[in-house]
Each structure stands twice: as C-alpha cells, then as structure tokens.
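A.B. asks: This is structure11.cif, which holds mmCIF, C-alpha atoms (C1' of nucleotides):
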data_input
#
loop_
_atom_site.group_PDB
_atom_site.id
_atom_site.type_symbol
_atom_site.label_atom_id
_atom_site.label_comp_id
_atom_site.auth_asym_id
_atom_site.auth_seq_id
_atom_site.Cartn_x
_atom_site.Cartn_y
_atom_site.Cartn_z
ATOM 1 C CA MET A 1 -33.858 -8.275 -33.274
ATOM 2 C CA ASN A 2 -32.710 -4.677 -33.346
ATOM 3 C CA GLU A 3 -30.328 -5.000 -36.228
ATOM 4 C CA VAL A 4 -29.689 -2.418 -38.877
ATOM 5 C CA THR A 5 -27.589 -2.794 -41.985
ATOM 6 C CA VAL A 6 -26.131 0.347 -43.437
ATOM 7 C CA GLY A 7 -23.241 0.836 -45.823
ATOM 8 C CA GLY A 8 -22.698 -2.897 -45.947
ATOM 9 C CA MET A 9 -22.187 -3.023 -42.189
ATOM 10 C CA ARG A 10 -24.435 -4.704 -39.705
ATOM 11 C CA PHE A 11 -25.162 -2.882 -36.461
ATOM 12 C CA GLU A 12 -26.891 -4.084 -33.353
ATOM 13 C CA LEU A 13 -26.697 -1.404 -30.705
ATOM 14 C CA ASP A 14 -27.476 -1.860 -27.045
ATOM 15 C CA LEU A 15 -26.980 0.101 -23.866
ATOM 16 C CA SER A 16 -24.243 -2.017 -22.324
ATOM 17 C CA GLN A 17 -21.620 0.217 -23.882
ATOM 18 C CA PRO A 18 -21.357 3.788 -25.188
ATOM 19 C CA LEU A 19 -23.048 4.110 -28.561
ATOM 20 C CA TYR A 20 -20.151 5.919 -30.195
ATOM 21 C CA GLU A 21 -17.891 3.065 -29.105
ATOM 22 C CA GLN A 22 -20.133 0.438 -30.632
ATOM 23 C CA VAL A 23 -20.259 2.315 -33.912
ATOM 24 C CA LEU A 24 -16.501 2.735 -33.849
ATOM 25 C CA ASP A 25 -15.916 -0.954 -33.136
ATOM 26 C CA GLN A 26 -18.254 -2.105 -35.855
ATOM 27 C CA VAL A 27 -16.792 0.087 -38.577
ATOM 28 C CA ARG A 28 -13.254 -0.698 -37.513
ATOM 29 C CA SER A 29 -14.048 -4.375 -37.491
ATOM 30 C CA SER A 30 -15.458 -4.174 -41.012
ATOM 31 C CA ILE A 31 -12.310 -2.462 -42.188
ATOM 32 C CA ALA A 32 -9.976 -4.897 -40.439
ATOM 33 C CA LYS A 33 -11.808 -7.863 -41.893
ATOM 34 C CA GLY A 34 -11.653 -6.366 -45.342
ATOM 35 C CA GLU A 35 -15.419 -6.322 -45.633
ATOM 36 C CA ILE A 36 -15.156 -2.780 -46.931
ATOM 37 C CA ALA A 37 -12.864 -2.071 -49.852
ATOM 38 C CA LEU A 38 -9.976 0.330 -49.386
ATOM 39 C CA GLY A 39 -10.784 3.850 -50.512
ATOM 40 C CA GLU A 40 -14.492 3.212 -50.321
ATOM 41 C CA LYS A 41 -16.888 5.795 -48.980
ATOM 42 C CA ILE A 42 -18.801 5.039 -45.816
ATOM 43 C CA PRO A 43 -22.235 6.480 -45.033
ATOM 44 C CA SER A 44 -22.402 10.146 -44.163
ATOM 45 C CA VAL A 45 -22.757 11.221 -40.569
ATOM 46 C CA ARG A 46 -26.390 12.151 -41.056
ATOM 47 C CA GLU A 47 -27.249 9.036 -43.005
ATOM 48 C CA MET A 48 -25.646 6.790 -40.421
ATOM 49 C CA ALA A 49 -27.358 8.651 -37.586
ATOM 50 C CA GLN A 50 -30.740 8.343 -39.215
ATOM 51 C CA ALA A 51 -30.292 4.653 -39.982
ATOM 52 C CA LEU A 52 -29.151 3.845 -36.444
ATOM 53 C CA LYS A 53 -31.659 6.227 -34.901
ATOM 54 C CA ILE A 54 -29.004 8.004 -32.892
ATOM 55 C CA ASN A 55 -27.717 11.566 -32.802
ATOM 56 C CA PRO A 56 -25.387 12.822 -35.550
ATOM 57 C CA ASN A 57 -22.988 14.053 -32.874
ATOM 58 C CA THR A 58 -22.636 10.514 -31.600
ATOM 59 C CA VAL A 59 -21.739 9.251 -35.062
ATOM 60 C CA MET A 60 -19.312 12.128 -35.456
ATOM 61 C CA ARG A 61 -17.479 11.079 -32.350
ATOM 62 C CA ALA A 62 -16.971 7.576 -33.728
ATOM 63 C CA TYR A 63 -15.911 8.889 -37.136
ATOM 64 C CA GLN A 64 -13.386 11.271 -35.621
ATOM 65 C CA GLU A 65 -11.734 8.473 -33.698
ATOM 66 C CA LEU A 66 -11.485 6.447 -36.888
ATOM 67 C CA GLU A 67 -9.721 9.341 -38.538
ATOM 68 C CA ARG A 68 -7.401 9.800 -35.579
ATOM 69 C CA ASP A 69 -6.378 6.171 -36.087
ATOM 70 C CA GLN A 70 -5.873 6.944 -39.770
ATOM 71 C CA LEU A 71 -8.321 4.274 -40.770
ATOM 72 C CA THR A 72 -10.383 6.886 -42.605
ATOM 73 C CA GLU A 73 -9.860 10.164 -44.383
ATOM 74 C CA THR A 74 -12.542 12.813 -44.306
ATOM 75 C CA ARG A 75 -13.017 15.233 -47.145
ATOM 76 C CA ARG A 76 -15.101 18.238 -46.275
ATOM 77 C CA GLY A 77 -18.114 18.436 -48.473
ATOM 78 C CA GLN A 78 -17.550 14.995 -49.899
ATOM 79 C CA GLY A 79 -17.700 12.446 -47.133
ATOM 80 C CA THR A 80 -15.698 9.952 -45.118
ATOM 81 C CA PHE A 81 -13.565 7.372 -46.923
ATOM 82 C CA ILE A 82 -11.677 4.279 -45.860
ATOM 83 C CA THR A 83 -7.951 4.810 -46.187
ATOM 84 C CA ALA A 84 -6.424 3.518 -49.404
ATOM 85 C CA ASP A 85 -3.277 2.500 -47.553
ATOM 86 C CA ALA A 86 -3.380 -1.210 -46.790
ATOM 87 C CA GLU A 87 -0.386 -0.909 -44.494
ATOM 88 C CA LYS A 88 -2.255 1.397 -42.158
ATOM 89 C CA VAL A 89 -5.087 -1.068 -41.853
ATOM 90 C CA LYS A 90 -2.658 -3.874 -41.203
ATOM 91 C CA HIS A 91 -0.855 -1.815 -38.599
ATOM 92 C CA ILE A 92 -3.952 -0.872 -36.649
ATOM 93 C CA ARG A 93 -5.230 -4.400 -36.817
ATOM 94 C CA TYR A 94 -2.100 -5.779 -35.208
ATOM 95 C CA LYS A 95 -1.923 -2.969 -32.719
ATOM 96 C CA LEU A 96 -5.449 -3.709 -31.529
ATOM 97 C CA ALA A 97 -4.624 -7.388 -31.392
ATOM 98 C CA GLU A 98 -1.563 -6.777 -29.277
ATOM 99 C CA GLU A 99 -3.515 -4.624 -26.885
ATOM 100 C CA ALA A 100 -6.091 -7.364 -26.532
ATOM 101 C CA VAL A 101 -3.384 -9.904 -25.866
ATOM 102 C CA GLU A 102 -1.722 -7.716 -23.269
ATOM 103 C CA GLU A 103 -4.978 -7.140 -21.481
ATOM 104 C CA PHE A 104 -5.848 -10.812 -21.615
ATOM 105 C CA LEU A 105 -2.534 -11.999 -20.271
ATOM 106 C CA ALA A 106 -2.600 -9.372 -17.536
ATOM 107 C CA LYS A 107 -6.053 -10.443 -16.440
ATOM 108 C CA LEU A 108 -5.217 -14.121 -16.278
ATOM 109 C CA GLY A 109 -1.904 -13.300 -14.671
ATOM 110 C CA SER A 110 -3.694 -11.445 -11.894
ATOM 111 C CA LEU A 111 -5.684 -14.613 -11.290
ATOM 112 C CA GLY A 112 -2.460 -16.520 -10.834
ATOM 113 C CA PHE A 113 -2.469 -18.499 -14.073
ATOM 114 C CA THR A 114 0.856 -19.477 -15.603
ATOM 115 C CA ALA A 115 1.624 -19.322 -19.302
ATOM 116 C CA SER A 116 1.225 -23.065 -19.736
ATOM 117 C CA GLU A 117 -2.111 -23.049 -17.935
ATOM 118 C CA ILE A 118 -3.322 -20.256 -20.202
ATOM 119 C CA ALA A 119 -2.233 -22.222 -23.231
ATOM 120 C CA ALA A 120 -4.158 -25.246 -22.002
ATOM 121 C CA ILE A 121 -7.339 -23.246 -21.482
ATOM 122 C CA LEU A 122 -7.071 -21.725 -24.941
ATOM 123 C CA ARG A 123 -6.491 -25.113 -26.509
ATOM 124 C CA SER A 124 -9.668 -26.422 -24.945
ATOM 125 C CA LYS A 125 -11.767 -23.429 -25.980
ATOM 126 C CA GLY A 126 -10.157 -22.410 -29.234
ATOM 127 C CA GLY A 127 -12.884 -23.747 -31.434
ATOM 128 C CA GLU A 128 -12.934 -20.582 -33.508
ATOM 129 C CA GLY A 129 -12.108 -20.904 -37.144
ATOM 130 C CA GLN A 130 -13.630 -18.359 -39.536
ATOM 131 C CA MET B 131 3.763 6.287 -6.364
ATOM 132 C CA ASN B 132 0.305 6.236 -4.882
ATOM 133 C CA GLU B 133 0.458 2.771 -3.444
ATOM 134 C CA VAL B 134 -1.111 1.630 -0.222
ATOM 135 C CA THR B 135 -0.708 -1.718 1.471
ATOM 136 C CA VAL B 136 -3.516 -2.810 3.733
ATOM 137 C CA GLY B 137 -4.395 -6.252 5.005
ATOM 138 C CA GLY B 138 -1.482 -7.735 3.120
ATOM 139 C CA MET B 139 -2.836 -6.411 -0.161
ATOM 140 C CA ARG B 140 -1.245 -3.755 -2.276
ATOM 141 C CA PHE B 141 -3.504 -1.136 -3.829
ATOM 142 C CA GLU B 142 -2.752 1.501 -6.399
ATOM 143 C CA LEU B 143 -5.938 3.287 -7.317
ATOM 144 C CA ASP B 144 -6.406 5.571 -10.274
ATOM 145 C CA LEU B 145 -9.310 7.186 -12.076
ATOM 146 C CA SER B 146 -9.234 5.083 -15.225
ATOM 147 C CA GLN B 147 -11.742 2.690 -13.731
ATOM 148 C CA PRO B 148 -14.425 2.750 -11.032
ATOM 149 C CA LEU B 149 -12.840 2.648 -7.578
ATOM 150 C CA TYR B 150 -15.114 -0.111 -6.299
ATOM 151 C CA GLU B 151 -14.078 -2.238 -9.257
ATOM 152 C CA GLN B 152 -10.397 -1.752 -8.573
ATOM 153 C CA VAL B 153 -10.842 -2.712 -4.946
ATOM 154 C CA LEU B 154 -12.885 -5.740 -5.972
ATOM 155 C CA ASP B 155 -10.290 -6.843 -8.521
ATOM 156 C CA GLN B 156 -7.414 -6.476 -6.117
ATOM 157 C CA VAL B 157 -9.004 -8.422 -3.284
ATOM 158 C CA ARG B 158 -10.275 -11.113 -5.646
ATOM 159 C CA SER B 159 -6.855 -11.376 -7.192
ATOM 160 C CA SER B 160 -5.251 -11.825 -3.785
ATOM 161 C CA ILE B 161 -7.701 -14.588 -2.977
ATOM 162 C CA ALA B 162 -7.275 -16.343 -6.321
ATOM 163 C CA LYS B 163 -3.523 -16.266 -6.014
ATOM 164 C CA GLY B 164 -3.706 -17.651 -2.507
ATOM 165 C CA GLU B 165 -1.979 -14.624 -1.077
ATOM 166 C CA ILE B 166 -4.627 -14.530 1.614
ATOM 167 C CA ALA B 167 -5.274 -17.653 3.625
ATOM 168 C CA LEU B 168 -8.718 -19.236 3.501
ATOM 169 C CA GLY B 169 -10.910 -18.182 6.388
ATOM 170 C CA GLU B 170 -8.796 -15.146 7.074
ATOM 171 C CA LYS B 171 -10.329 -11.795 7.976
ATOM 172 C CA ILE B 172 -9.870 -8.891 5.628
ATOM 173 C CA PRO B 173 -9.811 -5.257 6.766
ATOM 174 C CA SER B 174 -13.081 -3.760 7.890
ATOM 175 C CA VAL B 175 -15.020 -1.487 5.598
ATOM 176 C CA ARG B 176 -14.040 1.565 7.572
ATOM 177 C CA GLU B 177 -10.418 0.583 7.929
ATOM 178 C CA MET B 178 -10.087 -0.112 4.219
ATOM 179 C CA ALA B 179 -11.825 3.138 3.355
ATOM 180 C CA GLN B 180 -9.547 5.137 5.589
ATOM 181 C CA ALA B 181 -6.402 3.454 4.292
ATOM 182 C CA LEU B 182 -7.372 3.969 0.662
ATOM 183 C CA LYS B 183 -8.793 7.416 1.338
ATOM 184 C CA ILE B 184 -12.093 6.582 -0.278
ATOM 185 C CA ASN B 185 -15.660 6.466 0.946
ATOM 186 C CA PRO B 186 -16.844 3.514 3.061
ATOM 187 C CA ASN B 187 -19.795 3.085 0.713
ATOM 188 C CA THR B 188 -17.406 2.494 -2.140
ATOM 189 C CA VAL B 189 -15.603 -0.224 -0.197
ATOM 190 C CA MET B 190 -18.965 -1.714 0.727
ATOM 191 C CA ARG B 191 -19.899 -2.061 -2.886
ATOM 192 C CA ALA B 192 -16.737 -4.035 -3.574
ATOM 193 C CA TYR B 193 -17.209 -6.209 -0.504
ATOM 194 C CA GLN B 194 -20.803 -6.987 -1.382
ATOM 195 C CA GLU B 195 -19.825 -8.189 -4.815
ATOM 196 C CA LEU B 196 -17.211 -10.440 -3.262
ATOM 197 C CA GLU B 197 -19.871 -11.946 -1.061
ATOM 198 C CA ARG B 198 -22.263 -12.383 -3.982
ATOM 199 C CA ASP B 199 -19.529 -14.425 -5.646
ATOM 200 C CA GLN B 200 -19.192 -16.390 -2.406
ATOM 201 C CA LEU B 201 -15.546 -15.505 -2.121
ATOM 202 C CA THR B 202 -16.205 -13.977 1.276
ATOM 203 C CA GLU B 203 -18.586 -14.419 4.167
ATOM 204 C CA THR B 204 -19.632 -11.451 6.237
ATOM 205 C CA ARG B 205 -20.504 -11.776 9.895
ATOM 206 C CA ARG B 206 -22.363 -8.841 11.270
ATOM 207 C CA GLY B 207 -20.469 -7.281 14.099
ATOM 208 C CA GLN B 208 -17.368 -9.323 13.410
ATOM 209 C CA GLY B 209 -16.105 -8.551 9.960
ATOM 210 C CA THR B 210 -15.592 -9.931 6.468
ATOM 211 C CA PHE B 211 -13.782 -13.229 6.036
ATOM 212 C CA ILE B 212 -12.393 -15.114 3.078
ATOM 213 C CA THR B 213 -14.370 -18.273 2.440
ATOM 214 C CA ALA B 214 -12.946 -21.422 3.955
ATOM 215 C CA ASP B 215 -14.123 -23.456 0.965
ATOM 216 C CA ALA B 216 -11.220 -23.957 -1.437
ATOM 217 C CA GLU B 217 -13.584 -25.282 -4.099
ATOM 218 C CA LYS B 218 -15.437 -22.004 -4.290
ATOM 219 C CA VAL B 219 -12.226 -20.111 -4.859
ATOM 220 C CA LYS B 220 -11.203 -22.566 -7.537
ATOM 221 C CA HIS B 221 -14.588 -22.309 -9.201
ATOM 222 C CA ILE B 222 -14.635 -18.526 -9.365
ATOM 223 C CA ARG B 223 -11.063 -18.458 -10.540
ATOM 224 C CA TYR B 224 -11.860 -20.652 -13.517
ATOM 225 C CA LYS B 225 -15.101 -18.861 -14.221
ATOM 226 C CA LEU B 226 -13.302 -15.535 -14.431
ATOM 227 C CA ALA B 227 -10.650 -17.116 -16.608
ATOM 228 C CA GLU B 228 -13.221 -18.476 -19.007
ATOM 229 C CA GLU B 229 -14.928 -15.124 -19.275
ATOM 230 C CA ALA B 230 -11.595 -13.515 -20.056
ATOM 231 C CA VAL B 231 -10.918 -16.112 -22.719
ATOM 232 C CA GLU B 232 -14.333 -15.642 -24.292
ATOM 233 C CA GLU B 233 -13.924 -11.895 -24.421
ATOM 234 C CA PHE B 234 -10.431 -12.192 -25.809
ATOM 235 C CA LEU B 235 -11.376 -14.614 -28.560
ATOM 236 C CA ALA B 236 -14.396 -12.531 -29.483
ATOM 237 C CA LYS B 237 -12.313 -9.400 -29.769
ATOM 238 C CA LEU B 238 -9.672 -10.977 -31.960
ATOM 239 C CA GLY B 239 -12.357 -12.724 -33.948
ATOM 240 C CA SER B 240 -13.970 -9.396 -34.725
ATOM 241 C CA LEU B 241 -10.627 -8.275 -36.092
ATOM 242 C CA GLY B 242 -10.630 -11.234 -38.433
ATOM 243 C CA PHE B 243 -7.959 -13.320 -36.759
ATOM 244 C CA THR B 244 -8.145 -17.088 -37.086
ATOM 245 C CA ALA B 245 -7.459 -19.518 -34.257
ATOM 246 C CA SER B 246 -4.024 -20.390 -35.578
ATOM 247 C CA GLU B 247 -3.088 -16.734 -35.947
ATOM 248 C CA ILE B 248 -4.149 -16.103 -32.369
ATOM 249 C CA ALA B 249 -2.049 -19.021 -31.210
ATOM 250 C CA ALA B 250 0.944 -17.613 -33.049
ATOM 251 C CA ILE B 251 0.567 -14.195 -31.468
ATOM 252 C CA LEU B 252 0.279 -15.703 -28.020
ATOM 253 C CA ARG B 253 3.329 -17.855 -28.582
ATOM 254 C CA SER B 254 5.374 -14.779 -29.430
ATOM 255 C CA LYS B 255 4.136 -12.773 -26.470
ATOM 256 C CA GLY B 256 3.608 -15.454 -23.845
ATOM 257 C CA GLY B 257 6.649 -14.631 -21.792
ATOM 258 C CA GLU B 258 4.678 -14.714 -18.551
ATOM 259 C CA GLY B 259 5.653 -17.270 -15.994
ATOM 260 C CA GLN B 260 4.895 -16.652 -12.325
ATOM 261 C "C1'" DC C 261 -24.100 -2.800 31.091
ATOM 262 C "C1'" DT C 262 -21.130 -0.042 28.333
ATOM 263 C "C1'" DA C 263 -18.012 1.093 24.890
ATOM 264 C "C1'" DT C 264 -16.073 0.018 20.753
ATOM 265 C "C1'" DG C 265 -15.842 -2.007 16.411
ATOM 266 C "C1'" DT C 266 -18.198 -4.589 13.075
ATOM 267 C "C1'" DG C 267 -21.665 -4.752 8.649
ATOM 268 C "C1'" DT C 268 -25.583 -2.274 6.645
ATOM 269 C "C1'" DA C 269 -29.074 1.163 5.078
ATOM 270 C "C1'" DT C 270 -30.638 5.689 3.825
ATOM 271 C "C1'" DT C 271 -30.729 10.312 2.128
ATOM 272 C "C1'" DA C 272 -28.591 14.025 -0.082
ATOM 273 C "C1'" DG C 273 -25.493 16.152 -3.145
ATOM 274 C "C1'" DG C 274 -21.641 16.667 -6.620
ATOM 275 C "C1'" DT C 275 -19.179 15.442 -10.839
ATOM 276 C "C1'" DG C 276 -18.261 13.677 -15.327
ATOM 277 C "C1'" DA C 277 -19.357 10.849 -19.372
ATOM 278 C "C1'" DT C 278 -22.777 10.042 -22.579
ATOM 279 C "C1'" DA C 279 -26.493 11.272 -25.538
ATOM 280 C "C1'" DT C 280 -29.857 14.307 -27.504
ATOM 281 C "C1'" DA C 281 -31.711 18.574 -29.745
ATOM 282 C "C1'" DA C 282 -31.336 22.578 -32.387
ATOM 283 C "C1'" DT C 283 -28.803 25.551 -35.043
ATOM 284 C "C1'" DA C 284 -25.240 27.336 -37.773
ATOM 285 C "C1'" DC C 285 -21.098 27.440 -40.685
ATOM 286 C "C1'" DA C 286 -17.632 25.803 -44.352
ATOM 287 C "C1'" DC C 287 -16.965 23.228 -48.252
ATOM 288 C "C1'" DT C 288 -17.981 20.378 -52.643
ATOM 289 C "C1'" DT C 289 -20.552 19.163 -56.427
ATOM 290 C "C1'" DA C 290 -24.450 18.789 -59.616
ATOM 291 C "C1'" DT D 291 -28.229 27.951 -56.551
ATOM 292 C "C1'" DA D 292 -29.425 23.933 -54.139
ATOM 293 C "C1'" DA D 293 -28.382 19.879 -51.871
ATOM 294 C "C1'" DG D 294 -25.328 17.035 -49.472
ATOM 295 C "C1'" DT D 295 -21.054 16.732 -47.085
ATOM 296 C "C1'" DG D 296 -18.062 17.473 -42.436
ATOM 297 C "C1'" DT D 297 -17.859 20.376 -38.331
ATOM 298 C "C1'" DA D 298 -18.789 23.401 -34.303
ATOM 299 C "C1'" DT D 299 -21.547 25.262 -30.606
ATOM 300 C "C1'" DT D 300 -24.835 25.683 -26.933
ATOM 301 C "C1'" DA D 301 -28.137 23.808 -24.047
ATOM 302 C "C1'" DT D 302 -30.342 20.124 -21.683
ATOM 303 C "C1'" DA D 303 -31.104 15.463 -19.719
ATOM 304 C "C1'" DT D 304 -29.702 11.191 -17.803
ATOM 305 C "C1'" DC D 305 -26.949 7.990 -15.512
ATOM 306 C "C1'" DA D 306 -22.933 5.924 -13.090
ATOM 307 C "C1'" DC D 307 -19.936 6.881 -9.689
ATOM 308 C "C1'" DC D 308 -18.410 8.917 -5.531
ATOM 309 C "C1'" DT D 309 -18.826 11.398 -1.374
ATOM 310 C "C1'" DA D 310 -20.888 12.971 3.082
ATOM 311 C "C1'" DA D 311 -23.488 12.394 7.044
ATOM 312 C "C1'" DT D 312 -26.219 9.795 9.882
ATOM 313 C "C1'" DA D 313 -28.384 5.975 11.866
ATOM 314 C "C1'" DC D 314 -29.274 1.164 13.006
ATOM 315 C "C1'" DA D 315 -28.226 -3.939 14.172
ATOM 316 C "C1'" DC D 316 -25.045 -6.998 15.956
ATOM 317 C "C1'" DA D 317 -20.725 -8.991 18.428
ATOM 318 C "C1'" DT D 318 -17.308 -8.744 21.732
ATOM 319 C "C1'" DA D 319 -14.017 -6.941 25.220
ATOM 320 C "C1'" DG D 320 -13.955 -4.399 29.472
#
Spell out the structure here as structure tokens.

C.D. replies:
Amino acid sequence: MNEVTVGGMRFELDLSQPLYEQVLDQVRSSIAKGEIALGEKIPSVREMAQALKINPNTVMRAYQELERDQLTETRRGQGTFITADAEKVKHIRYKLAEEAVEEFLAKLGSLGFTASEIAAILRSKGGEGQ
Amino acid sequence: MNEVTVGGMRFELDLSQPLYEQVLDQVRSSIAKGEIALGEKIPSVREMAQALKINPNTVMRAYQELERDQLTETRRGQGTFITADAEKVKHIRYKLAEEAVEEFLAKLGSLGFTASEIAAILRSKGGEGQ
DNA sequence: CTATGTGTATTAGGTGATATAATACACTTA
DNA sequence: TAAGTGTATTATATCACCTAATACACATAG
C-alpha cells in the first residue's frame, strides 16, 4: 500500500522499526543482491527524504552508516555512490550473514534445541529458493 | 561479572535490551529447557525485583507476558507458578522456534542467499550440541 | 483476627532514542 | 553565479522504558 520506489529501490516504511534502520536495510539489501551496479550513484539525501516523506536528517543517518560499512563513498558536492570494490560488498554480505546465523543459533540454543533438531526444522521450512 | 542467580535461574542484565525482555527471555528459556519443573513456583515479583535490583513493575511486565503465553499461572496471594501442562510448554517452544526460523530466513533472503547457500553456512557453523 | 507475603493497579516523573523542523555552511559543477 | 550535493547545529516533540511511591485485593501462617 504505502510503497515508494526511488533510485531503483522499493521502500515500504512502517513504525515497527526506526526509519533510519529501514532505509539502511533496504539500501544495503539492494547492494548485497546486486540490484544496484557497483559505482552507481544513489539518490541524494534530500531527494530520498522527499520521496519517502521523512526528514533529511533521518536519511543522513542511514547513509552515514552505509559509509561506515564502506558500502558507499560520499563525495561532497557530488553525491553518494555505491563502492566500486566488489570484495567489500562480498565481505559485508557474509559478515551480516554470519551475524544472523550466530543470533539464530543462540536463540534456538536458549530454547534447548540441538543442532540436529535445528537442521530438521530448517529442512521442513526451507522452501526459499530465489 | 554482574550475574545474579535467583530461583534457580541465572541472570545477567545489561542495557542493550529492555530489562523486562531480558527477564522474560531468561525465565522462558529456563522453562523451555526444562530447568524448572512443571508446576513449580518462581520467585515473587518483589523478590525477583530486589535480587535483580530493578523495579517491581519491570518484573511484573515480564511475568504478565509469561502468563499471556500460558507458560505460567498466577494465583493472587500465592505467587506465580510454571504451568503444569507440558503440551503448552512444547507448543510455545516450537512457536518461538518457528518465528526465529522465519526471521532468520527472511534476513538471509534479503541478502540474496539461496536455500542451499544457507544450508552450507549452517553446516560450517553448526557446532552447537547441548 | 492479625501480620505477612502474594499479585495488581495507579500516578508521577526521569531518561534516552527517534524523528522533525529550520537554518546554515562547505563543496562541486554547469 | 546558481543550483545541487553532503554536513552540522539547535530546538522541539514524541514515545518506550524504567523508576518511585502508594494503595488495594487476596491467601495463608500465627
């Protein structure tokens, strides 16, 4: 319903999570999936803010975290660009994946599930392809 | 360092997460793992609050969520008791596991990982037994 | 009956994260 | 010079979370 497409990325913001985090996740996801070409420019802070109907400061916060992760490079006066270094993208992608795995295993571990039980659950629910 | 053991449960609270959520998680975890016997009484709101050095209202919030999930039964004037129904514990345990799986798969999916890739990562990191 | 220990409700206040608004500055490019 | 970038600052508002203090309803031991 409340979707917006900007810079080739699709956003659907809600209030269940900080806005800057949702923006960050969406852009990062687009980069990780290769939906945005390396070196490409992403929308300016103001343009993104206007499109999403949120404050420029909120977009800034997301953009700065992207740069901290070296997924983007910002050039004053020019804009914000996806890194041209494929290795950096690959690295962050795996790092995020590992963190997700750690968190997942910890959570199921705290519920008393063994590794084989976890594997069985995943096998029954792993209907994700794409 | 900052650990407290109360009612047979070990707590180590920090500020990275809401306190009521940490208390909830810890008690629920103890129940799911069977570290607390069914039907057993858990520490009173006041006792728990004093032991953890937090406000009774904060403990209350955790306890109320436990009761909403039917993991506990509260008897006014007597205390809060773990449910005697093993099925309910089993049910909640699997429900929480499924939610964790869903969230995990969604997160990795948004990073562009396929099911087989996810399986491979888990195989390499799944060194959790007990 | 009384005292004590339960769960529960209410009201008030403090703190920090999040988000907005408005404005200004530094830099790049047409 | 003008317009579009990133960036910084100050102020304000809101909300979740936590605390504090107090009071009430109920159960049980004495």

A.B. asks: Check the smallest atom-to-atom distance from each of B:Glu142, B:Glu217, B:Glu195, B:Glu228 to chain A using only C-alpha atoms, then report the winner.

C.D. replies: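 When distances to chain A are compared using only C-alpha atoms, the smallest one comes from B:Glu228.
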
A.B. asks: Using only C-alpha atoms (C1' of nucleotides), I'd like every residue of chain A that has an atom within 6 Å of chain D; please write them out as a list in words.

C.D. replies: Arg76, Gly77, Gln78 and Gly79 of chain A

A.B. asks: At a cut-off of 12 Å, which residues of chain B touch chain A? Count only C-alpha atoms and give the answer as a count of residues only.

C.D. replies: 53

A.B. asks: Determine which residues of chain C sit within 12 Å of chain A, taking into account all atoms listed in the file, and present them as a list in words.

C.D. replies: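 Here is what falls inside 12 Å: DA277, DT278, DA279, DT280, DA281, DA282, DA286, DC287, DT288 and DT289 of chain C.
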
A.B. asks: Could you give me, as a list in words, the residues within 7 Å of stretch 170-181 of chain B, counting all atoms listed in the file and dropping anything in the same chain fewer than 5 positions from it?

C.D. replies: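 Once the adjacent positions are removed, what remains is Val136, Gly137, Pro186, Val189, Met190, Gly209, Thr210, Phe211 and Ile212 of chain B.
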
A.B. asks: What is the distance between atom C1' of C:DA284 and atom CA of A:Leu66, in Å to one decimal?

C.D. replies: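 The value is 25.0 Å.
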
A.B. asks: Report, in Å to a single decimal, how far apart atom CA of A:Val23 and atom CA of A:Arg10 are.

C.D. replies: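 According to the coordinates, atom CA of A:Arg10 and atom CA of A:Val23 are separated by 10.0 Å.
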
A.B. asks: Calculate how many Å separate atom CA of B:Gly138 from atom CA of B:Ala214, rounding to one decimal.

C.D. replies: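 Pair atom CA of B:Gly138 / atom CA of B:Ala214 returns 17.9 Å.
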
A.B. asks: For B:Gln152, which residue out of B:Leu168, B:Val134, B:Ala192, B:Met139 is the nearest one, using all atoms listed in the file?

C.D. replies: B:Ala192

A.B. asks: As JSON, please report the centre and edge lengths, rounded to one decimal in Å, of the axis-aligned box that holds all listed atoms of stretch 174-187 of chain B with 5 Å of padding on each of the six sides.

C.D. replies:
{"center_x": -13.1, "center_y": 1.8, "center_z": 3.8, "size_x": 23.4, "size_y": 21.2, "size_z": 18.2}
